[in-house]
Every structure is written in C-alpha cells, then in structure tokens.
file data_20.pdb (PDB, C-alpha atoms)
ATOM      1  CA  MET R 958     118.282  93.371  91.996
ATOM      2  CA  PHE R 959     120.236  94.163  95.159
ATOM      3  CA  PHE R 960     118.594  95.351  98.371
ATOM      4  CA  VAL R 961     119.682  96.217 101.896
ATOM      5  CA  LYS R 962     117.434  94.370 104.353
ATOM      6  CA  GLU R 963     117.133  94.137 108.116
ATOM      7  CA  LEU R 964     117.068  90.489 109.143
ATOM      8  CA  LYS R 965     117.114  88.337 112.281
ATOM      9  CA  HIS R 966     119.151  85.241 113.002
ATOM     10  CA  THR R 967     119.434  83.007 116.073
ATOM     11  CA  ILE R 968     122.931  82.046 117.134
ATOM     12  CA  ASN R 969     123.746  79.307 119.663
ATOM     13  CA  LEU R 970     127.070  79.912 121.377
ATOM     14  CA  HIS R 971     129.033  77.327 123.366
ATOM     15  CA  PRO R 972     130.045  78.333 126.936
ATOM     16  CA  SER R 973     133.734  78.235 125.992
ATOM     17  CA  TYR R 974     133.141  81.433 123.955
ATOM     18  CA  PHE R 975     131.735  83.421 126.910
ATOM     19  CA  GLY R 976     134.010  86.265 127.907
ATOM     20  CA  PRO R 977     135.316  89.598 126.699
ATOM     21  CA  GLN R 978     135.280  88.532 123.036
ATOM     22  CA  THR R 979     131.729  87.198 122.929
ATOM     23  CA  ALA R 980     130.586  90.007 120.596
ATOM     24  CA  GLU R 981     133.399  89.169 118.139
ATOM     25  CA  TYR R 982     132.493  85.462 118.206
ATOM     26  CA  ILE R 983     128.833  86.331 117.531
ATOM     27  CA  LEU R 984     129.801  88.502 114.535
ATOM     28  CA  ASN R 985     132.083  85.787 113.097
ATOM     29  CA  LYS R 986     129.403  83.105 113.590
ATOM     30  CA  LEU R 987     126.804  85.352 111.928
ATOM     31  CA  HIS R 988     129.032  85.810 108.867
ATOM     32  CA  ALA R 989     129.720  82.063 108.684
ATOM     33  CA  ASP R 990     126.052  81.101 109.125
ATOM     34  CA  VAL R 991     124.274  83.473 106.726
ATOM     35  CA  GLU R 992     126.609  84.796 104.023
ATOM     36  CA  GLY R 993     126.193  82.867 100.777
ATOM     37  CA  THR R 994     122.900  81.260 101.802
ATOM     38  CA  CYS R 995     119.589  81.558 100.014
ATOM     39  CA  SER R 996     116.251  82.218 101.580
ATOM     40  CA  GLY R 997     113.713  81.731  98.825
ATOM     41  CA  ARG R 998     111.520  84.498 100.204
ATOM     42  CA  LEU R 999     114.305  87.092 100.540
ATOM     43  CA  GLY R1000     116.893  85.961  97.984
ATOM     44  CA  TYR R1001     120.616  85.291  98.274
ATOM     45  CA  ILE R1002     122.353  86.885 101.268
ATOM     46  CA  ILE R1003     125.491  88.363  99.732
ATOM     47  CA  ALA R1004     127.127  90.158 102.668
ATOM     48  CA  VAL R1005     126.446  91.156 106.269
ATOM     49  CA  LEU R1006     126.840  94.921 106.652
ATOM     50  CA  GLY R1007     126.685  95.021 110.421
ATOM     51  CA  ILE R1008     124.891  94.026 113.577
ATOM     52  CA  LEU R1009     122.097  96.365 114.671
ATOM     53  CA  GLU R1010     121.229  94.674 117.947
ATOM     54  CA  THR R1011     122.270  91.591 119.853
ATOM     55  CA  GLY R1012     119.644  90.376 122.287
ATOM     56  CA  LYS R1013     120.533  89.231 125.759
ATOM     57  CA  GLY R1014     121.584  85.614 125.587
ATOM     58  CA  THR R1015     119.372  83.021 127.207
ATOM     59  CA  ILE R1016     120.990  79.903 128.612
ATOM     60  CA  GLN R1017     119.587  76.656 127.210
ATOM     61  CA  PRO R1018     118.769  74.188 130.030
ATOM     62  CA  GLY R1019     120.840  71.019 129.977
ATOM     63  CA  THR R1020     123.412  72.159 127.417
ATOM     64  CA  GLY R1021     124.758  75.385 128.872
ATOM     65  CA  MET R1022     124.718  76.966 125.409
ATOM     66  CA  ALA R1023     123.475  80.522 125.098
ATOM     67  CA  GLU R1024     120.975  81.557 122.442
ATOM     68  CA  PHE R1025     121.326  85.058 121.026
ATOM     69  CA  ILE R1026     118.818  86.675 118.668
ATOM     70  CA  VAL R1027     120.745  89.026 116.390
ATOM     71  CA  ARG R1028     119.229  91.794 114.235
ATOM     72  CA  TYR R1029     121.527  92.713 111.369
ATOM     73  CA  ARG R1030     121.633  94.481 108.005
ATOM     74  CA  ALA R1031     122.639  92.579 104.891
ATOM     75  CA  ILE R1032     122.863  92.987 101.134
ATOM     76  CA  VAL R1033     120.532  90.512  99.424
ATOM     77  CA  TYR R1034     120.185  89.627  95.734
ATOM     78  CA  ARG R1035     116.705  88.818  94.477
ATOM     79  CA  PRO R1036     116.098  88.368  90.718
ATOM     80  CA  PHE R1037     112.840  89.572  89.168
ATOM     81  CA  LYS R1038     110.941  88.707  86.005
ATOM     82  CA  GLY R1039     111.821  91.203  83.264
ATOM     83  CA  GLU R1040     115.225  92.117  84.735
ATOM     84  CA  THR R1041     118.186  92.309  82.341
ATOM     85  CA  VAL R1042     121.411  90.840  83.748
ATOM     86  CA  ASP R1043     124.914  89.904  82.629
ATOM     87  CA  GLY R1044     126.247  86.414  83.231
ATOM     88  CA  VAL R1045     128.919  83.887  82.325
ATOM     89  CA  VAL R1046     127.992  80.749  80.373
ATOM     90  CA  GLY R1047     128.646  77.644  82.443
ATOM     91  CA  ASN R1048     127.302  74.661  80.520
ATOM     92  CA  VAL R1049     126.123  74.334  76.898
ATOM     93  CA  ASN R1050     124.066  71.470  75.472
ATOM     94  CA  LYS R1051     121.530  70.967  72.683
ATOM     95  CA  MET R1052     118.662  71.998  74.991
ATOM     96  CA  GLY R1053     120.204  75.413  75.706
ATOM     97  CA  PHE R1054     122.764  76.785  78.134
ATOM     98  CA  PHE R1055     123.158  77.728  81.781
ATOM     99  CA  ALA R1056     124.508  81.154  82.685
ATOM    100  CA  GLU R1057     125.834  82.068  86.119
ATOM    101  CA  VAL R1058     124.586  85.456  87.276
ATOM    102  CA  GLY R1059     126.393  85.790  90.583
ATOM    103  CA  PRO R1060     124.950  83.047  92.804
ATOM    104  CA  LEU R1061     121.972  82.481  90.470
ATOM    105  CA  ASN R1062     121.936  79.908  87.654
ATOM    106  CA  VAL R1063     119.748  80.946  84.709
ATOM    107  CA  PHE R1064     118.732  78.439  82.030
ATOM    108  CA  VAL R1065     118.307  79.776  78.491
ATOM    109  CA  SER R1066     116.393  77.277  76.376
ATOM    110  CA  SER R1067     117.244  76.745  72.709
ATOM    111  CA  HIS R1068     113.735  78.104  71.985
ATOM    112  CA  LEU R1069     114.742  81.412  73.598
ATOM    113  CA  ILE R1070     117.922  81.770  71.518
ATOM    114  CA  PRO R1071     117.680  83.601  68.148
ATOM    115  CA  PRO R1072     116.775  81.186  65.312
ATOM    116  CA  ASP R1073     119.923  82.028  63.328
ATOM    117  CA  MET R1074     122.103  80.559  66.108
ATOM    118  CA  LYS R1075     122.387  76.779  65.781
ATOM    119  CA  PHE R1076     123.824  74.241  68.198
ATOM    120  CA  ASP R1077     127.121  72.813  66.951
ATOM    121  CA  PRO R1078     127.864  69.539  68.804
ATOM    122  CA  ASN R1079     131.059  68.967  66.786
ATOM    123  CA  ALA R1080     132.683  72.199  67.927
ATOM    124  CA  ASN R1081     135.235  71.981  70.699
ATOM    125  CA  PRO R1082     133.719  72.999  73.121
ATOM    126  CA  PRO R1083     130.072  72.561  71.990
ATOM    127  CA  CYS R1084     128.418  75.910  71.315
ATOM    128  CA  PHE R1085     125.573  77.837  69.737
ATOM    129  CA  SER R1086     126.998  79.679  66.755
ATOM    130  CA  ASN R1087     126.075  81.938  63.884
ATOM    131  CA  PRO R1088     128.614  81.374  61.073
ATOM    132  CA  GLU R1089     127.559  84.517  59.169
ATOM    133  CA  GLU R1090     128.401  86.890  62.037
ATOM    134  CA  GLN R1091     131.171  84.663  63.450
ATOM    135  CA  VAL R1092     129.523  84.675  66.885
ATOM    136  CA  SER R1093     129.489  81.684  69.229
ATOM    137  CA  ILE R1094     128.110  81.165  72.703
ATOM    138  CA  GLU R1095     130.340  78.678  74.486
ATOM    139  CA  ARG R1096     131.573  77.950  77.997
ATOM    140  CA  ASN R1097     132.988  81.055  79.796
ATOM    141  CA  ALA R1098     131.441  83.460  77.249
ATOM    142  CA  ARG R1099     129.827  86.580  78.693
ATOM    143  CA  VAL R1100     126.162  87.072  77.801
ATOM    144  CA  ARG R1101     123.450  89.617  78.496
ATOM    145  CA  LEU R1102     120.052  88.055  79.059
ATOM    146  CA  LYS R1103     116.581  88.895  80.262
ATOM    147  CA  ILE R1104     114.908  86.894  83.011
ATOM    148  CA  VAL R1105     111.507  85.689  81.791
ATOM    149  CA  GLY R1106     110.552  83.662  84.841
ATOM    150  CA  THR R1107     111.606  82.629  88.323
ATOM    151  CA  ARG R1108     110.626  79.846  90.679
ATOM    152  CA  VAL R1109     111.311  80.075  94.382
ATOM    153  CA  ASP R1110     111.933  77.088  96.657
ATOM    154  CA  ALA R1111     112.657  77.245 100.381
ATOM    155  CA  THR R1112     116.428  77.379  99.877
ATOM    156  CA  GLU R1113     116.964  78.039  96.164
ATOM    157  CA  ILE R1114     115.853  80.273  93.305
ATOM    158  CA  PHE R1115     115.574  79.000  89.735
ATOM    159  CA  ALA R1116     115.345  81.277  86.685
ATOM    160  CA  ILE R1117     114.670  81.032  82.958
ATOM    161  CA  GLY R1118     116.157  83.595  80.601
ATOM    162  CA  THR R1119     116.075  84.694  76.972
ATOM    163  CA  ILE R1120     118.505  86.267  74.522
ATOM    164  CA  ARG R1121     115.897  86.470  71.763
ATOM    165  CA  GLU R1122     115.384  90.241  71.999
ATOM    166  CA  ASP R1123     117.255  93.321  70.837
ATOM    167  CA  TYR R1124     120.525  94.152  72.623
ATOM    168  CA  LEU R1125     120.720  90.728  74.288
ATOM    169  CA  GLY R1126     123.211  87.947  73.628
ATOM    170  CA  LEU R1127     126.969  87.679  73.512
ATOM    171  CA  ILE R1128     128.939  90.549  75.059
ATOM    172  CA  GLU R1129     132.113  91.219  73.116
ATOM    173  CA  ALA R1130     135.202  91.585  75.302
TER     174      ALA R1130
END

call {"tool": "encode", "arguments": {"input": "data_20.pdb", "output": "structure tokens"}}
result
Amino acid sequence: MFFVKELKHTINLHPSYFGPQTAEYILNKLHADVEGTCSGRLGYIIAVLGILETGKGTIQPGTGMAEFIVRYRAIVYRPFKGETVDGVVGNVNKMGFFAEVGPLNVFVSSHLIPPDMKFDPNANPPCFSNPEEQVSIERNARVRLKIVGTRVDATEIFAIGTIREDYLGLIEA
C-alpha cells in the first residue's frame, strides 16, 4: 500500500556548496540519499514530493561541514498481510518462485501454488505448469498474488505470498 508521509533526514553539506544554490544542493542530496531506500518501520521510500522545512544549518566543529535537518514529504510503499498485489516472476525453482512487486521481493512456496500446477525442471526455462489448461508460470510472467506474511528488518522487508486462492495466479497479457 502506498502512503504519503512526513519524514526527517539529516544532511551534511561540505562548505564548497555554501552559497546562493545551497537549497538546490540540499534538495538534490535529499533525493540521492533517501529515494529507493528501505526503512523497515516505514517501508520503501519511492519518491520525495517536496521539502517542507529546512532547519538552520549548524557548523560541525573541526570539519566546517554544515548539518541541516530537513522535513520532507515522500511516497512510501509498505506491504501488509492480506494485500493482493501484481508482480513479475523473477526466479523459479522447485521450492517455488520469487515475484518482484515494485521494490519488494515476494516468495511463493510450492505449497502455496495450486496442486494441479507441477514444477517442470526440463522445461526451458524451468516453470510451474498445468498441461490441461496450458498455463505456465515462468520467468517474466505476470502474476497476481496475496501476501500472507511479512517480516521487517532494519533495512529490508521480506514477504511470503500465495496464489492458491480464487482469482490469483497468472495474469494473461
């Protein structure tokens, strides 16, 4: 699920960037520092929408660098248990497959795949297939899955998914 959050970030700026374009340097550094990162508590920071407030910089003794505390708004992605999402299959093996849902990797175990779909190691590329319906889940296939669990670390989110329910599975192009 996507949210707009107000966040804070501390930026250290070298003295060579002091001048009329300091605000532009702070914005560029903020984008470079936080976009694409993951805070386990908040989720993945997708994009910075804008700076709300830039605190007065304090000079760090001995280095001459200035420390700015920046309040900003950002779009964050945080997956939840029970959420249905669309993803692209990245890797398939006999244990299951990994699907990429934006920045999140979701593992779908072979136990959470319908029983009529069997792993075919001889196929090129390896896939889970159902010969009766001529359906196969292979690399780069689009799938709809339901998140059944998440685990949050300090800098990463892990998820487990299922396609063993109605209206889940391969999405036809």

call {"tool": "closest_residue", "arguments": {"input": "data_20.pdb", "among": "R:Glu1113, R:Asp1123, R:Glu1057, R:Glu1129", "to": "Arg1096 in chain R", "atoms": "only C-alpha atoms"}}
result
R:Glu1057

call {"tool": "residues_around", "arguments": {"input": "data_20.pdb", "residues": "Thr979 in chain R", "least_positions_apart": "5", "cutoff": "12 Å", "atoms": "only C-alpha atoms", "output": "PyMOL selection string"}}
result
chain R and resi 968-974+984-986+1011+1013-1014+1023+1025

call {"tool": "resolve_selection", "arguments": {"input": "data_20.pdb", "expression": "the PyMOL selection byres ((chain R and resi 1006) around 12)", "output": "list in words"}}
result
Phe960, Val961, Lys962, Glu963, Leu964, Leu984, Leu987, His988, Val991, Glu992, Ile1002, Ile1003, Ala1004, Val1005, Gly1007, Ile1008, Leu1009, Arg1028, Tyr1029, Arg1030, Ala1031, Ile1032 and Val1033 of chain R

call {"tool": "write_last_selection", "arguments": {"input": "data_20.pdb", "atoms": "C-alpha atoms", "output": "tab-separated table (two decimals), keeping the file's coordinate frame"}}
result
chain	number	residue	atom	x	y	z
R	960	PHE	CA	118.59	95.35	98.37
R	961	VAL	CA	119.68	96.22	101.90
R	962	LYS	CA	117.43	94.37	104.35
R	963	GLU	CA	117.13	94.14	108.12
R	964	LEU	CA	117.07	90.49	109.14
R	984	LEU	CA	129.80	88.50	114.54
R	987	LEU	CA	126.80	85.35	111.93
R	988	HIS	CA	129.03	85.81	108.87
R	991	VAL	CA	124.27	83.47	106.73
R	992	GLU	CA	126.61	84.80	104.02
R	1002	ILE	CA	122.35	86.88	101.27
R	1003	ILE	CA	125.49	88.36	99.73
R	1004	ALA	CA	127.13	90.16	102.67
R	1005	VAL	CA	126.45	91.16	106.27
R	1007	GLY	CA	126.68	95.02	110.42
R	1008	ILE	CA	124.89	94.03	113.58
R	1009	LEU	CA	122.10	96.36	114.67
R	1028	ARG	CA	119.23	91.79	114.24
R	1029	TYR	CA	121.53	92.71	111.37
R	1030	ARG	CA	121.63	94.48	108.00
R	1031	ALA	CA	122.64	92.58	104.89
R	1032	ILE	CA	122.86	92.99	101.13
R	1033	VAL	CA	120.53	90.51	99.42

call {"tool": "atom_distance", "arguments": {"input": "data_20.pdb", "atom1": "CA of Val1058 in chain R", "atom2": "CA of Ala1098 in chain R"}}
result
12.3 Å

call {"tool": "atom_distance", "arguments": {"input": "data_20.pdb", "atom1": "CA of Ala980 in chain R", "atom2": "CA of Ile1026 in chain R"}}
result
12.4 Å

call {"tool": "atom_distance", "arguments": {"input": "data_20.pdb", "atom1": "CA of Ile1104 in chain R", "atom2": "CA of Phe1064 in chain R"}}
result
9.3 Å

call {"tool": "resolve_selection", "arguments": {"input": "data_20.pdb", "expression": "the PyMOL selection byres ((chain R and resi 1114-1121) around 7)", "output": "list in words"}}
result
Gly997, Asn1062, Val1063, Phe1064, Val1065, Leu1069, Ile1070, Pro1071, Leu1102, Lys1103, Ile1104, Val1105, Gly1106, Thr1107, Arg1108, Val1109, Asp1110, Glu1113, Glu1122, Leu1125 and Gly1126 of chain R

call {"tool": "resolve_selection", "arguments": {"input": "data_20.pdb", "expression": "the PyMOL selection byres ((chain R and resi 1128) around 7)", "output": "number ranges by chain"}}
result
R: 1099-1101, 1126-1127, 1129-1130

call {"tool": "closest_residue", "arguments": {"input": "data_20.pdb", "among": "R:Pro1018, R:Asn1050, R:Arg998, R:Ser1086", "to": "Pro1072 in chain R", "atoms": "all atoms listed in the file"}}
result
R:Ser1086

call {"tool": "closest_residue", "arguments": {"input": "data_20.pdb", "among": "R:Val1042, R:Asp1073, R:Asp990, R:His966", "to": "Leu1061 in chain R", "atoms": "all atoms listed in the file"}}
result
R:Val1042

call {"tool": "closest_residue", "arguments": {"input": "data_20.pdb", "among": "R:Ile1094, R:Leu999, R:Met958, R:Ile983", "to": "Glu1024 in chain R", "atoms": "all atoms listed in the file"}}
result
R:Ile983

call {"tool": "closest_residue", "arguments": {"input": "data_20.pdb", "among": "R:Pro977, R:Gly1047, R:Gly1039, R:Gly1019", "to": "Pro1082 in chain R", "atoms": "all atoms listed in the file"}}
result
R:Gly1047

call {"tool": "closest_residue", "arguments": {"input": "data_20.pdb", "among": "R:Thr967, R:Pro1088, R:Phe1054, R:Thr994", "to": "Val1027 in chain R", "atoms": "only C-alpha atoms"}}
result
R:Thr967

call {"tool": "decode", "arguments": {"input": "data_20.pdb", "residues": "range 966-982 of chain R", "atoms": "all heavy atoms", "output": "JSON list (two decimals), in the first residue's frame"}}
result
[["chain", "number", "residue", "atom", "x", "y", "z"],
["R", 966, "HIS", "N", 15.24, 14.02, 7.72],
["R", 966, "HIS", "CA", 16.53, 13.47, 7.31],
["R", 966, "HIS", "C", 17.61, 14.51, 7.62],
["R", 966, "HIS", "O", 17.38, 15.70, 7.43],
["R", 966, "HIS", "CB", 16.52, 13.13, 5.82],
["R", 966, "HIS", "CG", 17.78, 12.49, 5.34],
["R", 966, "HIS", "ND1", 18.18, 11.23, 5.73],
["R", 966, "HIS", "CD2", 18.74, 12.94, 4.51],
["R", 966, "HIS", "CE1", 19.32, 10.93, 5.15],
["R", 966, "HIS", "NE2", 19.69, 11.95, 4.40],
["R", 967, "THR", "N", 18.76, 14.06, 8.07],
["R", 967, "THR", "CA", 19.88, 14.95, 8.35],
["R", 967, "THR", "C", 20.85, 14.91, 7.18],
["R", 967, "THR", "O", 21.27, 13.84, 6.74],
["R", 967, "THR", "CB", 20.60, 14.51, 9.64],
["R", 967, "THR", "OG1", 19.64, 14.50, 10.71],
["R", 967, "THR", "CG2", 21.72, 15.45, 9.99],
["R", 968, "ILE", "N", 21.18, 16.10, 6.70],
["R", 968, "ILE", "CA", 22.09, 16.21, 5.56],
["R", 968, "ILE", "C", 23.33, 16.99, 6.00],
["R", 968, "ILE", "O", 23.22, 18.08, 6.58],
["R", 968, "ILE", "CB", 21.41, 16.94, 4.38],
["R", 968, "ILE", "CG1", 20.27, 16.07, 3.85],
["R", 968, "ILE", "CG2", 22.41, 17.26, 3.29],
["R", 968, "ILE", "CD1", 19.48, 16.70, 2.73],
["R", 969, "ASN", "N", 24.51, 16.43, 5.72],
["R", 969, "ASN", "CA", 25.78, 17.12, 5.96],
["R", 969, "ASN", "C", 26.26, 17.69, 4.64],
["R", 969, "ASN", "O", 26.39, 16.96, 3.66],
["R", 969, "ASN", "CB", 26.82, 16.16, 6.54],
["R", 969, "ASN", "CG", 26.48, 15.76, 7.96],
["R", 969, "ASN", "OD1", 26.11, 16.60, 8.76],
["R", 969, "ASN", "ND2", 26.57, 14.48, 8.25],
["R", 970, "LEU", "N", 26.53, 18.98, 4.63],
["R", 970, "LEU", "CA", 26.89, 19.67, 3.39],
["R", 970, "LEU", "C", 28.29, 20.26, 3.53],
["R", 970, "LEU", "O", 28.61, 20.95, 4.51],
["R", 970, "LEU", "CB", 25.87, 20.77, 3.12],
["R", 970, "LEU", "CG", 25.70, 21.24, 1.70],
["R", 970, "LEU", "CD1", 25.32, 20.09, 0.79],
["R", 970, "LEU", "CD2", 24.64, 22.32, 1.63],
["R", 971, "HIS", "N", 29.13, 19.98, 2.56],
["R", 971, "HIS", "CA", 30.51, 20.49, 2.53],
["R", 971, "HIS", "C", 30.49, 22.01, 2.31],
["R", 971, "HIS", "O", 29.61, 22.52, 1.60],
["R", 971, "HIS", "CB", 31.29, 19.79, 1.41],
["R", 971, "HIS", "CG", 32.75, 20.06, 1.45],
["R", 971, "HIS", "ND1", 33.33, 21.12, 0.80],
["R", 971, "HIS", "CD2", 33.75, 19.41, 2.10],
["R", 971, "HIS", "CE1", 34.63, 21.12, 1.03],
["R", 971, "HIS", "NE2", 34.91, 20.08, 1.81],
["R", 972, "PRO", "N", 31.47, 22.74, 2.86],
["R", 972, "PRO", "CA", 31.50, 24.21, 2.71],
["R", 972, "PRO", "C", 31.56, 24.68, 1.26],
["R", 972, "PRO", "O", 31.12, 25.79, 0.96],
["R", 972, "PRO", "CB", 32.76, 24.63, 3.46],
["R", 972, "PRO", "CG", 33.07, 23.52, 4.39],
["R", 972, "PRO", "CD", 32.52, 22.28, 3.78],
["R", 973, "SER", "N", 32.05, 23.86, 0.35],
["R", 973, "SER", "CA", 32.13, 24.29, -1.05],
["R", 973, "SER", "C", 30.74, 24.47, -1.67],
["R", 973, "SER", "O", 30.61, 25.09, -2.72],
["R", 973, "SER", "CB", 32.95, 23.30, -1.87],
["R", 973, "SER", "OG", 32.30, 22.05, -1.91],
["R", 974, "TYR", "N", 29.70, 23.94, -1.02],
["R", 974, "TYR", "CA", 28.33, 24.08, -1.54],
["R", 974, "TYR", "C", 27.59, 25.26, -0.92],
["R", 974, "TYR", "O", 26.42, 25.48, -1.26],
["R", 974, "TYR", "CB", 27.53, 22.79, -1.29],
["R", 974, "TYR", "CG", 28.06, 21.62, -2.05],
["R", 974, "TYR", "CD1", 28.74, 20.59, -1.40],
["R", 974, "TYR", "CD2", 27.91, 21.53, -3.43],
["R", 974, "TYR", "CE1", 29.23, 19.50, -2.10],
["R", 974, "TYR", "CE2", 28.41, 20.45, -4.14],
["R", 974, "TYR", "CZ", 29.07, 19.44, -3.47],
["R", 974, "TYR", "OH", 29.56, 18.37, -4.17],
["R", 975, "PHE", "N", 28.22, 26.01, -0.02],
["R", 975, "PHE", "CA", 27.57, 27.17, 0.58],
["R", 975, "PHE", "C", 27.48, 28.28, -0.46],
["R", 975, "PHE", "O", 28.43, 28.55, -1.19],
["R", 975, "PHE", "CB", 28.35, 27.68, 1.79],
["R", 975, "PHE", "CG", 28.48, 26.69, 2.93],
["R", 975, "PHE", "CD1", 29.35, 26.91, 3.97],
["R", 975, "PHE", "CD2", 27.72, 25.52, 2.95],
["R", 975, "PHE", "CE1", 29.48, 26.01, 5.01],
["R", 975, "PHE", "CE2", 27.84, 24.62, 3.99],
["R", 975, "PHE", "CZ", 28.72, 24.86, 5.02],
["R", 976, "GLY", "N", 26.35, 28.91, -0.54],
["R", 976, "GLY", "CA", 26.18, 30.00, -1.50],
["R", 976, "GLY", "C", 24.73, 30.12, -1.93],
["R", 976, "GLY", "O", 23.81, 29.59, -1.28],
["R", 977, "PRO", "N", 24.51, 30.77, -3.06],
["R", 977, "PRO", "CA", 23.13, 31.01, -3.49],
["R", 977, "PRO", "C", 22.37, 29.74, -3.89],
["R", 977, "PRO", "O", 21.15, 29.74, -3.94],
["R", 977, "PRO", "CB", 23.27, 31.95, -4.68],
["R", 977, "PRO", "CG", 24.70, 31.92, -5.08],
["R", 977, "PRO", "CD", 25.48, 31.41, -3.92],
["R", 978, "GLN", "N", 23.08, 28.65, -4.18],
["R", 978, "GLN", "CA", 22.40, 27.43, -4.61],
["R", 978, "GLN", "C", 22.38, 26.35, -3.54],
["R", 978, "GLN", "O", 22.16, 25.18, -3.84],
["R", 978, "GLN", "CB", 23.10, 26.90, -5.85],
["R", 978, "GLN", "CG", 23.35, 28.03, -6.77],
["R", 978, "GLN", "CD", 23.13, 27.84, -8.18],
["R", 978, "GLN", "OE1", 23.69, 26.94, -8.71],
["R", 978, "GLN", "NE2", 22.35, 28.72, -8.73],
["R", 979, "THR", "N", 22.54, 26.75, -2.29],
["R", 979, "THR", "CA", 22.57, 25.79, -1.19],
["R", 979, "THR", "C", 21.26, 25.00, -1.12],
["R", 979, "THR", "O", 21.28, 23.78, -0.94],
["R", 979, "THR", "CB", 22.83, 26.50, 0.15],
["R", 979, "THR", "OG1", 24.08, 27.19, 0.06],
["R", 979, "THR", "CG2", 22.88, 25.53, 1.30],
["R", 980, "ALA", "N", 20.13, 25.68, -1.30],
["R", 980, "ALA", "CA", 18.82, 25.00, -1.23],
["R", 980, "ALA", "C", 18.71, 23.93, -2.32],
["R", 980, "ALA", "O", 18.18, 22.83, -2.09],
["R", 980, "ALA", "CB", 17.69, 26.00, -1.36],
["R", 981, "GLU", "N", 19.22, 24.22, -3.51],
["R", 981, "GLU", "CA", 19.19, 23.24, -4.61],
["R", 981, "GLU", "C", 20.09, 22.05, -4.30],
["R", 981, "GLU", "O", 19.71, 20.90, -4.56],
["R", 981, "GLU", "CB", 19.64, 23.92, -5.91],
["R", 981, "GLU", "CG", 19.50, 23.04, -7.12],
["R", 981, "GLU", "CD", 19.93, 23.76, -8.39],
["R", 981, "GLU", "OE1", 19.71, 24.98, -8.50],
["R", 981, "GLU", "OE2", 20.50, 23.07, -9.26],
["R", 982, "TYR", "N", 21.26, 22.29, -3.73],
["R", 982, "TYR", "CA", 22.16, 21.20, -3.35],
["R", 982, "TYR", "C", 21.50, 20.32, -2.28],
["R", 982, "TYR", "O", 21.62, 19.09, -2.33],
["R", 982, "TYR", "CB", 23.50, 21.72, -2.83],
["R", 982, "TYR", "CG", 24.38, 22.32, -3.90],
["R", 982, "TYR", "CD1", 24.89, 23.60, -3.76],
["R", 982, "TYR", "CD2", 24.72, 21.60, -5.04],
["R", 982, "TYR", "CE1", 25.71, 24.15, -4.74],
["R", 982, "TYR", "CE2", 25.53, 22.14, -6.02],
["R", 982, "TYR", "CZ", 26.02, 23.41, -5.86],
["R", 982, "TYR", "OH", 26.83, 23.95, -6.82]]
